[in-house]
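Text of work_12.cif, listed as mmCIF, C-alpha atoms:
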data_my_file
loop_
_atom_site.label_atom_id
_atom_site.label_comp_id
_atom_site.auth_asym_id
_atom_site.auth_seq_id
_atom_site.Cartn_x
_atom_site.Cartn_y
_atom_site.Cartn_z
CA ALA A 235 35.07 53.60 35.67
CA ARG A 236 36.33 55.83 32.86
CA VAL A 237 37.17 54.71 29.33
CA SER A 238 40.89 54.06 28.96
CA SER A 239 43.12 56.56 27.15
CA SER A 240 44.06 53.72 24.80
CA THR A 241 40.84 54.38 22.91
CA ALA A 242 42.15 57.68 21.58
CA CYS A 243 40.81 56.89 18.12
CA ASP A 244 37.27 56.70 19.55
CA TYR A 245 37.69 60.14 21.13
CA GLU A 246 38.89 61.56 17.82
CA ALA A 247 35.88 60.12 16.04
CA LEU A 248 33.52 61.52 18.65
CA ALA A 249 35.20 64.93 18.46
CA MET A 250 34.71 65.00 14.69
CA ASN A 251 31.12 63.79 14.83
CA PRO A 252 29.85 64.32 18.39
CA PRO A 253 26.56 62.78 19.60
CA VAL A 254 23.49 65.01 19.57
CA LEU A 255 21.96 66.03 22.91
CA SER A 256 18.31 67.02 22.46
CA TYR A 257 16.27 68.53 25.28
CA SER A 258 13.48 70.99 26.01
CA ASN A 259 14.62 74.59 25.73
CA ALA A 260 12.29 75.34 28.66
CA SER A 261 14.18 72.95 30.93
CA PRO A 262 17.86 72.62 29.94
CA PRO A 263 19.76 69.72 31.58
CA VAL A 264 22.14 71.89 33.58
CA ALA A 265 24.12 69.02 35.11
CA LEU A 266 24.81 67.53 31.67
CA LEU A 267 25.92 70.84 30.20
CA ILE A 268 28.30 71.41 33.11
CA ALA A 269 29.68 67.84 33.10
CA SER A 270 30.40 67.92 29.36
CA ARG A 271 32.28 71.19 29.79
CA ILE A 272 34.31 70.02 32.81
CA GLY A 273 35.13 66.69 31.16
CA ALA A 274 35.89 68.22 27.75
CA VAL A 275 33.32 65.91 26.13
CA SER A 276 32.04 67.25 22.84
CA LEU A 277 28.25 67.24 22.43
CA LYS A 278 26.12 68.82 19.73
CA LEU A 279 23.31 70.64 21.51
CA LEU A 280 19.83 70.58 20.03
CA PRO A 281 17.36 72.45 22.27
CA TRP A 282 13.73 72.12 21.11
CA THR A 283 11.39 75.03 21.78
CA GLU A 284 8.30 72.94 21.01
CA GLN A 285 9.13 70.20 23.53
CA PRO A 286 7.36 70.35 26.92
CA SER A 287 9.55 71.15 29.94
CA ALA A 288 9.12 67.57 31.17
CA ALA A 289 10.65 66.10 27.98
CA THR A 290 13.48 63.64 28.75
CA PRO A 291 16.96 64.60 27.47
CA THR A 292 18.21 62.19 24.79
CA LEU A 293 21.72 61.61 23.43
CA VAL A 294 21.81 60.21 19.87
CA PHE A 295 24.97 58.80 18.33
CA ASP A 296 25.87 58.76 14.66
CA GLU A 297 24.97 55.08 14.19
CA GLY A 298 21.55 55.63 15.79
CA THR A 299 22.27 54.41 19.33
CA LYS A 300 20.39 56.42 21.98
CA LEU A 301 20.92 57.16 25.65
CA ILE A 302 17.77 58.43 27.36
CA GLY A 303 17.62 60.27 30.67
CA VAL A 304 19.95 62.52 32.62
CA GLN A 305 21.54 59.76 34.72
CA SER A 306 22.51 57.55 31.77
CA ILE A 307 23.95 60.47 29.84
CA LEU A 308 25.83 61.74 32.90
CA ARG A 309 27.47 58.34 33.29
CA TYR A 310 28.48 58.36 29.62
CA VAL A 311 29.95 61.86 29.86
CA ALA A 312 31.87 61.01 33.05
CA ARG A 313 33.32 57.82 31.53
CA HIS A 314 34.47 59.72 28.45
CA SER A 315 35.78 62.72 30.36
CA SER A 316 39.39 63.80 30.61
CA GLU A 317 41.45 61.97 33.24
CA SER A 318 42.00 65.14 35.25
CA SER A 319 38.28 65.89 35.68
CA ASN A 320 37.62 63.05 38.17
CA LEU A 321 33.90 63.30 37.38
CA TYR A 322 33.49 59.62 38.27
CA GLY A 323 35.83 59.75 41.26
CA THR A 324 39.38 58.42 41.44
CA ASP A 325 38.88 54.68 41.99
CA ALA A 326 36.33 51.85 41.82
CA LEU A 327 34.89 52.60 45.25
CA ASP A 328 34.38 56.27 44.38
CA SER A 329 32.65 55.30 41.13
CA THR A 330 30.31 52.93 42.97
CA MET A 331 29.43 55.64 45.49
CA VAL A 332 28.79 58.07 42.63
CA ASP A 333 26.39 55.53 41.08
CA GLN A 334 24.64 55.16 44.43
CA TRP A 335 24.05 58.93 44.70
CA LEU A 336 22.84 59.08 41.09
CA ASP A 337 20.27 56.38 41.85
CA GLN A 338 19.13 58.25 44.96
CA SER A 339 18.85 61.62 43.19
CA ASP A 340 15.56 60.50 41.61
CA ALA A 341 13.95 60.60 45.06
CA LEU A 342 14.74 64.30 45.45
CA THR A 343 11.46 65.64 44.07
CA ASN A 344 9.03 68.12 45.56
CA GLY A 345 6.67 66.42 47.97
CA ALA A 346 6.25 65.12 51.50
CA SER A 347 9.66 63.39 51.64
CA PHE A 348 11.66 66.28 50.18
CA THR A 349 12.43 67.98 53.51
CA ALA A 350 13.56 64.74 55.16
CA ILE A 351 15.90 63.93 52.26
CA CYS A 352 17.37 67.44 52.39
CA GLU A 353 17.98 67.07 56.14
CA MET A 354 19.75 63.75 55.51
CA LEU A 355 21.93 65.34 52.84
CA SER A 356 22.78 68.28 55.09
CA THR A 357 23.81 65.95 57.91
CA PHE A 358 25.93 63.88 55.53
CA LEU A 359 27.68 67.01 54.22
CA ALA A 360 28.39 68.40 57.70
CA THR A 361 31.89 66.87 57.65
CA ARG A 362 32.40 66.71 53.87
CA THR A 363 33.17 69.15 51.09
CA TYR A 364 31.68 67.01 48.32
CA LEU A 365 29.39 63.97 48.21
CA VAL A 366 32.17 61.65 47.02
CA GLY A 367 35.90 62.12 47.52
CA SER A 368 37.59 65.50 47.55
CA SER A 369 36.46 66.96 44.24
CA LEU A 370 33.31 67.65 42.25
CA THR A 371 31.71 64.58 40.64
CA ILE A 372 28.57 63.91 38.62
CA ALA A 373 26.94 62.89 41.94
CA ASP A 374 27.26 66.51 43.13
CA LEU A 375 25.99 67.81 39.79
CA ALA A 376 22.92 65.52 39.78
CA ILE A 377 21.85 66.43 43.33
CA TRP A 378 22.72 70.11 42.87
CA GLU A 379 20.57 70.41 39.74
CA ARG A 380 17.59 68.96 41.62
CA LEU A 381 17.91 71.70 44.23
CA PHE A 382 18.78 74.36 41.63
CA SER A 383 15.36 74.04 40.01
CA SER A 384 13.27 73.23 43.12
CA ARG A 385 10.80 75.78 44.45
CA GLN A 386 10.48 73.77 47.65
CA TRP A 387 14.25 74.00 48.27
CA ASP A 388 14.12 77.74 47.65
CA ALA A 389 11.47 78.01 50.38
CA ILE A 390 13.35 76.03 53.06
CA LYS A 391 17.05 76.53 52.31
CA ASN A 392 17.59 79.30 54.88
CA SER A 393 16.37 77.16 57.78
CA PRO A 394 19.08 75.94 60.24
CA PRO A 395 18.71 72.19 59.49
CA PHE A 396 19.86 72.79 55.91
CA TYR A 397 22.94 74.94 56.62
CA HIS A 398 25.50 72.42 55.35
CA LEU A 399 23.46 71.53 52.27
CA LYS A 400 23.12 75.21 51.40
CA ARG A 401 26.86 75.76 51.96
CA TRP A 402 27.67 72.81 49.67
CA GLY A 403 25.26 74.12 47.00
CA LYS A 404 26.88 77.55 47.05
CA LEU A 405 30.32 75.93 46.76
CA CYS A 406 29.19 74.02 43.66
CA GLU A 407 27.62 77.10 42.15
CA LEU A 408 30.75 79.22 42.65
CA ASP A 409 33.00 76.69 40.92
CA PRO A 410 34.62 78.75 38.12
CA ARG A 411 33.88 75.93 35.65
CA LEU A 412 30.16 76.37 36.29
CA ILE A 413 29.81 80.15 36.26
CA ASP A 414 29.11 80.68 32.55
CA ILE A 415 26.45 77.99 32.43
CA VAL A 416 24.83 78.87 35.78
CA THR A 417 24.47 82.53 34.77
CA ASP A 418 23.16 81.77 31.27
CA PRO A 419 19.66 83.32 30.88
CA ALA A 420 18.19 80.10 29.43
CA VAL A 421 19.48 78.10 32.39
CA ASN A 422 18.48 80.69 34.96
CA ALA A 423 14.90 80.44 33.73
CA LYS A 424 14.73 77.23 35.79
CA ARG A 425 15.53 79.05 39.01
CA PRO A 426 12.52 79.49 41.31
CA TYR A 427 13.68 82.76 42.86
CA LEU A 428 13.24 84.51 39.53
CA HIS A 429 9.46 84.26 39.92
CA ALA A 430 9.70 86.16 43.20
CA LYS A 431 12.14 88.62 41.61
CA ARG A 432 9.68 89.27 38.81
CA SER A 433 7.02 89.93 41.42
CA ALA A 434 9.32 92.40 43.16
CA VAL A 435 9.95 94.23 39.86
CA MET A 436 6.21 94.58 39.32
CA SER A 437 5.90 95.93 42.86
CA GLU A 438 8.53 98.58 42.13
CA LYS A 439 6.67 99.60 39.00
CA ASN A 440 3.52 100.10 41.03
CA GLN A 441 5.16 102.28 43.69
CA GLY A 442 3.51 105.64 44.02
CA LYS A 443 0.18 104.45 42.70
CA GLU A 444 -2.92 104.57 44.88
CA VAL A 445 -3.65 101.22 46.51
CA GLY A 446 -7.22 100.04 46.98
CA GLY A 447 -6.79 98.12 50.26
CA SER A 448 -4.84 98.32 53.51
CA PHE A 449 -3.31 95.95 56.09
CA ASP A 450 -3.44 98.57 58.82
CA ILE A 451 -4.76 96.14 61.45
CA ASP A 452 -3.35 94.49 64.57
CA LEU A 453 -3.62 91.15 66.38
CA GLU A 454 -5.00 91.52 69.88
CA GLY A 455 -2.59 90.13 72.47
CA ALA A 456 0.20 89.45 69.96
CA SER A 457 3.79 90.07 71.06
CA GLU A 458 7.02 90.62 69.17
CA GLY A 459 8.71 87.38 68.08
CA ASN A 460 5.89 85.11 69.31
CA VAL A 461 3.53 85.08 66.35
CA VAL A 462 3.48 81.96 64.14
CA THR A 463 1.06 81.90 61.22
CA ARG A 464 0.39 79.16 58.73
CA PHE A 465 -1.03 78.96 55.23
CA PRO A 466 -2.49 75.41 54.80
CA PRO A 467 -3.41 74.70 51.15
CA GLU A 468 -4.61 71.22 50.20
CA PRO A 469 -2.56 69.96 47.21
CA SER A 470 -5.65 68.71 45.37
CA GLY A 471 -6.07 71.73 43.09
CA TYR A 472 -4.74 75.15 42.16
CA LEU A 473 -4.85 78.32 44.27
CA HIS A 474 -7.68 80.84 43.81
CA ILE A 475 -8.19 84.43 44.95
CA GLY A 476 -9.37 83.34 48.41
CA HIS A 477 -6.13 81.45 48.94
CA ALA A 478 -4.15 84.55 47.95
CA LYS A 479 -5.96 86.68 50.53
CA ALA A 480 -5.34 84.15 53.31
CA ALA A 481 -1.69 83.69 52.34
CA LEU A 482 -0.93 87.41 52.25
CA LEU A 483 -2.68 88.07 55.55
CA ASN A 484 -0.70 85.32 57.25
CA GLN A 485 2.57 86.68 55.86
CA TYR A 486 1.66 90.22 56.91
CA PHE A 487 1.09 89.30 60.57
CA ALA A 488 4.17 87.06 60.70
CA ARG A 489 6.40 89.85 59.43
CA GLN A 490 4.70 92.64 61.40
CA TYR A 491 5.51 90.85 64.67
CA ASN A 492 8.88 89.42 63.55
CA GLY A 493 7.43 85.92 63.76
CA LYS A 494 7.29 82.91 61.43
CA LEU A 495 5.19 81.91 58.44
CA ILE A 496 4.67 78.21 57.77
CA ILE A 497 3.31 76.80 54.52
CA ARG A 498 1.71 73.53 55.58
CA PHE A 499 0.38 71.27 52.84
CA ASP A 500 -2.75 69.61 54.21
CA ASP A 501 -2.11 66.34 52.37
CA THR A 502 -4.80 64.26 54.02
CA ASN A 503 -6.70 63.24 50.87
CA PRO A 504 -4.19 61.21 48.78
CA SER A 505 -6.75 60.11 46.19
CA LYS A 506 -7.03 63.71 44.93
CA GLU A 507 -3.51 65.03 45.57
CA LYS A 508 -0.67 65.34 43.03
CA ASP A 509 2.91 66.66 42.99
CA GLU A 510 1.78 68.90 40.14
CA PHE A 511 -0.44 70.83 42.57
CA VAL A 512 2.40 71.11 45.12
CA ASP A 513 4.69 72.57 42.44
CA ASN A 514 2.08 75.03 41.18
CA ILE A 515 1.10 76.16 44.68
CA LEU A 516 4.75 76.88 45.53
CA LEU A 517 5.13 78.72 42.22
CA ASP A 518 2.05 80.85 42.96
CA CYS A 519 3.40 81.60 46.44
CA ASP A 520 6.61 82.85 44.81
CA ILE A 521 4.64 85.06 42.44
CA LEU A 522 2.67 86.46 45.39
CA GLY A 523 5.97 87.26 47.13
CA LEU A 524 5.45 84.81 49.99
CA LYS A 525 8.63 83.95 51.91
CA ALA A 526 7.88 80.98 54.14
CA ASP A 527 10.16 80.16 57.06
CA MET A 528 9.19 76.51 56.76
CA VAL A 529 7.30 74.18 54.41
CA THR A 530 5.67 71.20 56.11
CA TYR A 531 3.17 68.43 55.38
CA THR A 532 0.37 67.22 57.64
CA SER A 533 1.29 63.65 56.70
CA ASP A 534 4.65 64.12 58.40
CA SER A 535 2.78 64.36 61.72
CA PHE A 536 0.29 61.50 61.30
CA GLN A 537 1.95 59.36 63.97
CA GLN A 538 1.97 62.23 66.46
CA ILE A 539 -1.66 63.08 65.67
CA LEU A 540 -2.64 59.42 66.19
CA GLU A 541 -0.82 59.24 69.53
CA MET A 542 -2.32 62.51 70.81
CA GLY A 543 -5.82 61.53 69.69
CA THR A 544 -5.51 58.14 71.40
CA ARG A 545 -4.32 59.80 74.60
CA LEU A 546 -7.21 62.29 74.62
CA ILE A 547 -9.75 59.52 74.10
CA LYS A 548 -8.28 57.53 76.97
CA GLU A 549 -8.38 60.64 79.17
CA GLY A 550 -12.05 61.14 78.31
CA SER A 551 -11.34 64.51 76.68
CA MET A 552 -12.90 63.60 73.34
#

What is this structure when it is put down as structure tokens?
Amino acid sequence: ARVSSSTACDYEALAMNPPVLSYSNASPPVALLIASRIGAVSLKLLPWTEQPSAATPTLVFDEGTKLIGVQSILRYVARHSSESSNLYGTDALDSTMVDQWLDQSDALTNGASFTAICEMLSTFLATRTYLVGSSLTIADLAIWERLFSSRQWDAIKNSPPFYHLKRWGKLCELDPRLIDIVTDPAVNAKRPYLHAKRSAVMSEKNQGKEVGGSFDIDLEGASEGNVVTRFPPEPSGYLHIGHAKAALLNQYFARQYNGKLIIRFDDTNPSKEKDEFVDNILLDCDILGLKADMVTYTSDSFQQILEMGTRLIKEGSM
């Protein structure tokens, strides 16, 4: 799966005149940067400040040939990596499995299926250290980067079903070959927890100042550990001040009684809903300091809702 060492002259040429990797400075391709370092593959980095964060990374060679997209460039880097890196696995079967995970990584985007995919990954990793073989590959890097920059993952990662996925992610992140890149300020700008951290810093600055409102209220009949609240935005638009009030009240009561807060996307109107709204709502929740115990989607329960509704109709209760 990797280019043979007999092409040493090609490596020398590439080292003297490496291909140019261009990408948005607002969204650096972390997996590519790490893979090129681990594999000792020389790339000339060209981050563009004027490119939008969604701009696709592009690798341009001296003769004008282009590779577009993270997956294609990852495959190139792995095939041109040093023999000892094992970025594409150690044999043909490993390489094929790496390709399979790369293809599947595209599905790991914020939305209704995100939680289910994360649960599948966590189950798969329960008896494994890495996704393929016994060492880090570009399959691990591709999946890890998706989680690294996902606000939805940041909201659910501490839940029990994702224990093994979180453990694997931490293992990847603590790899000494990744440390410098992972801790780079430009890379860390992608991390969702920084929005919450910024909110916490603002809170510290405001300590000691007079506050205009108060949450000094109780829930009648509520008991410790038995309160579950939910904030149910519809992902068909952005949050407004009324949403913020509802979200903060729900978090207050959940924490006051040592209960749970659920963010439940009420995705029942697909003609108006977009992943863009899901992403922005989760970002706003981070800025507000919301720490959900679970993120769910109404669509995940459609079958159960249908069955319960049918049963109630048959019982004459509706």

Given the choices A:Val416, A:Leu399, A:Leu279, A:Leu516, which gets closest to A:Ile351 if the distance is worked out from only C-alpha atoms?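 Ranked by minimum distance to A:Ile351, first place goes to A:Leu399.
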
Residue contacts of A:Trp335 (12 Å, only C-alpha atoms) excluding same-chain residues fewer than 2 positions away, as number ranges by chain = A: 305, 309, 322, 328-333, 337-342, 355, 364-366, 371-378

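For the point (15.0, 72.1, 23.5) in file coordinates, the residues within 7 Å, using all atoms listed in the file, are Ser256, Tyr257, Ser258, Asn259, Ala260, Leu280, Pro281, Trp282, Thr283 and Gln285 of chain A.
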
In Å and to one decimal, atom CA of A:Ser261 is distant from atom CA of A:Asp500 by 29.0 Å

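This file gives the following result for the PyMOL selection byres ((chain A and resi 295) around 10): A:Leu248, A:Asn251, A:Pro252, A:Pro253, A:Val254, A:Leu255, A:Leu277, A:Thr292, A:Leu293, A:Val294, A:Asp296, A:Glu297, A:Gly298, A:Thr299, A:Lys300, A:Leu301.
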
Selection from above, C-alpha atoms, as an mmCIF file, in the coordinates of the input, can you write it?
data_model
loop_
_atom_site.group_PDB
_atom_site.id
_atom_site.type_symbol
_atom_site.label_atom_id
_atom_site.label_comp_id
_atom_site.auth_asym_id
_atom_site.auth_seq_id
_atom_site.Cartn_x
_atom_site.Cartn_y
_atom_site.Cartn_z
ATOM 1 C CA LEU A 248 33.520 61.520 18.650
ATOM 2 C CA ASN A 251 31.120 63.790 14.830
ATOM 3 C CA PRO A 252 29.850 64.320 18.390
ATOM 4 C CA PRO A 253 26.560 62.780 19.600
ATOM 5 C CA VAL A 254 23.490 65.010 19.570
ATOM 6 C CA LEU A 255 21.960 66.030 22.910
ATOM 7 C CA LEU A 277 28.250 67.240 22.430
ATOM 8 C CA THR A 292 18.210 62.190 24.790
ATOM 9 C CA LEU A 293 21.720 61.610 23.430
ATOM 10 C CA VAL A 294 21.810 60.210 19.870
ATOM 11 C CA ASP A 296 25.870 58.760 14.660
ATOM 12 C CA GLU A 297 24.970 55.080 14.190
ATOM 13 C CA GLY A 298 21.550 55.630 15.790
ATOM 14 C CA THR A 299 22.270 54.410 19.330
ATOM 15 C CA LYS A 300 20.390 56.420 21.980
ATOM 16 C CA LEU A 301 20.920 57.160 25.650
#

Residue with the minimum atom-to-atom distance to A:Val311, picked from A:Gly323, A:Pro467, A:Gly550, A:Gly273 with all atoms listed in the file counted, is A:Gly273

Excluding same-chain residues fewer than 4 positions from A:Thr349, what lies within 10 Å of it counting all atoms listed in the file, as a VMD selection string? chain A and resid 342 to 345 353 to 355 386 to 387 390 to 391 395 to 396 528 to 531 534

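Ranking A:Thr357, A:Lys525, A:Ser551, A:Ser470 by their shortest atom-to-atom distance to A:Pro394, with all atoms listed in the file included, puts A:Thr357 first.
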
task = Would you write out, as an MDAnalysis selection string, every residue that the PyMOL selection byres ((chain A and resi 271) around 12) captures in this file?
result = chainID A and resid 264:270 272:277 308 311:312 314:316 319 321 410:415

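With atom CA of A:Ala526 on one side and atom CA of A:Lys494 on the other, the separation reads 7.6 Å.
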
- Using all atoms listed in the file, pick whichever of A:Gly471, A:Gly455, A:Gln485, A:Phe358 has the shortest atom-to-atom distance to A:Phe511.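 Ranking A:Gly471, A:Gly455, A:Gln485, A:Phe358 by distance to A:Phe511, first place goes to A:Gly471.
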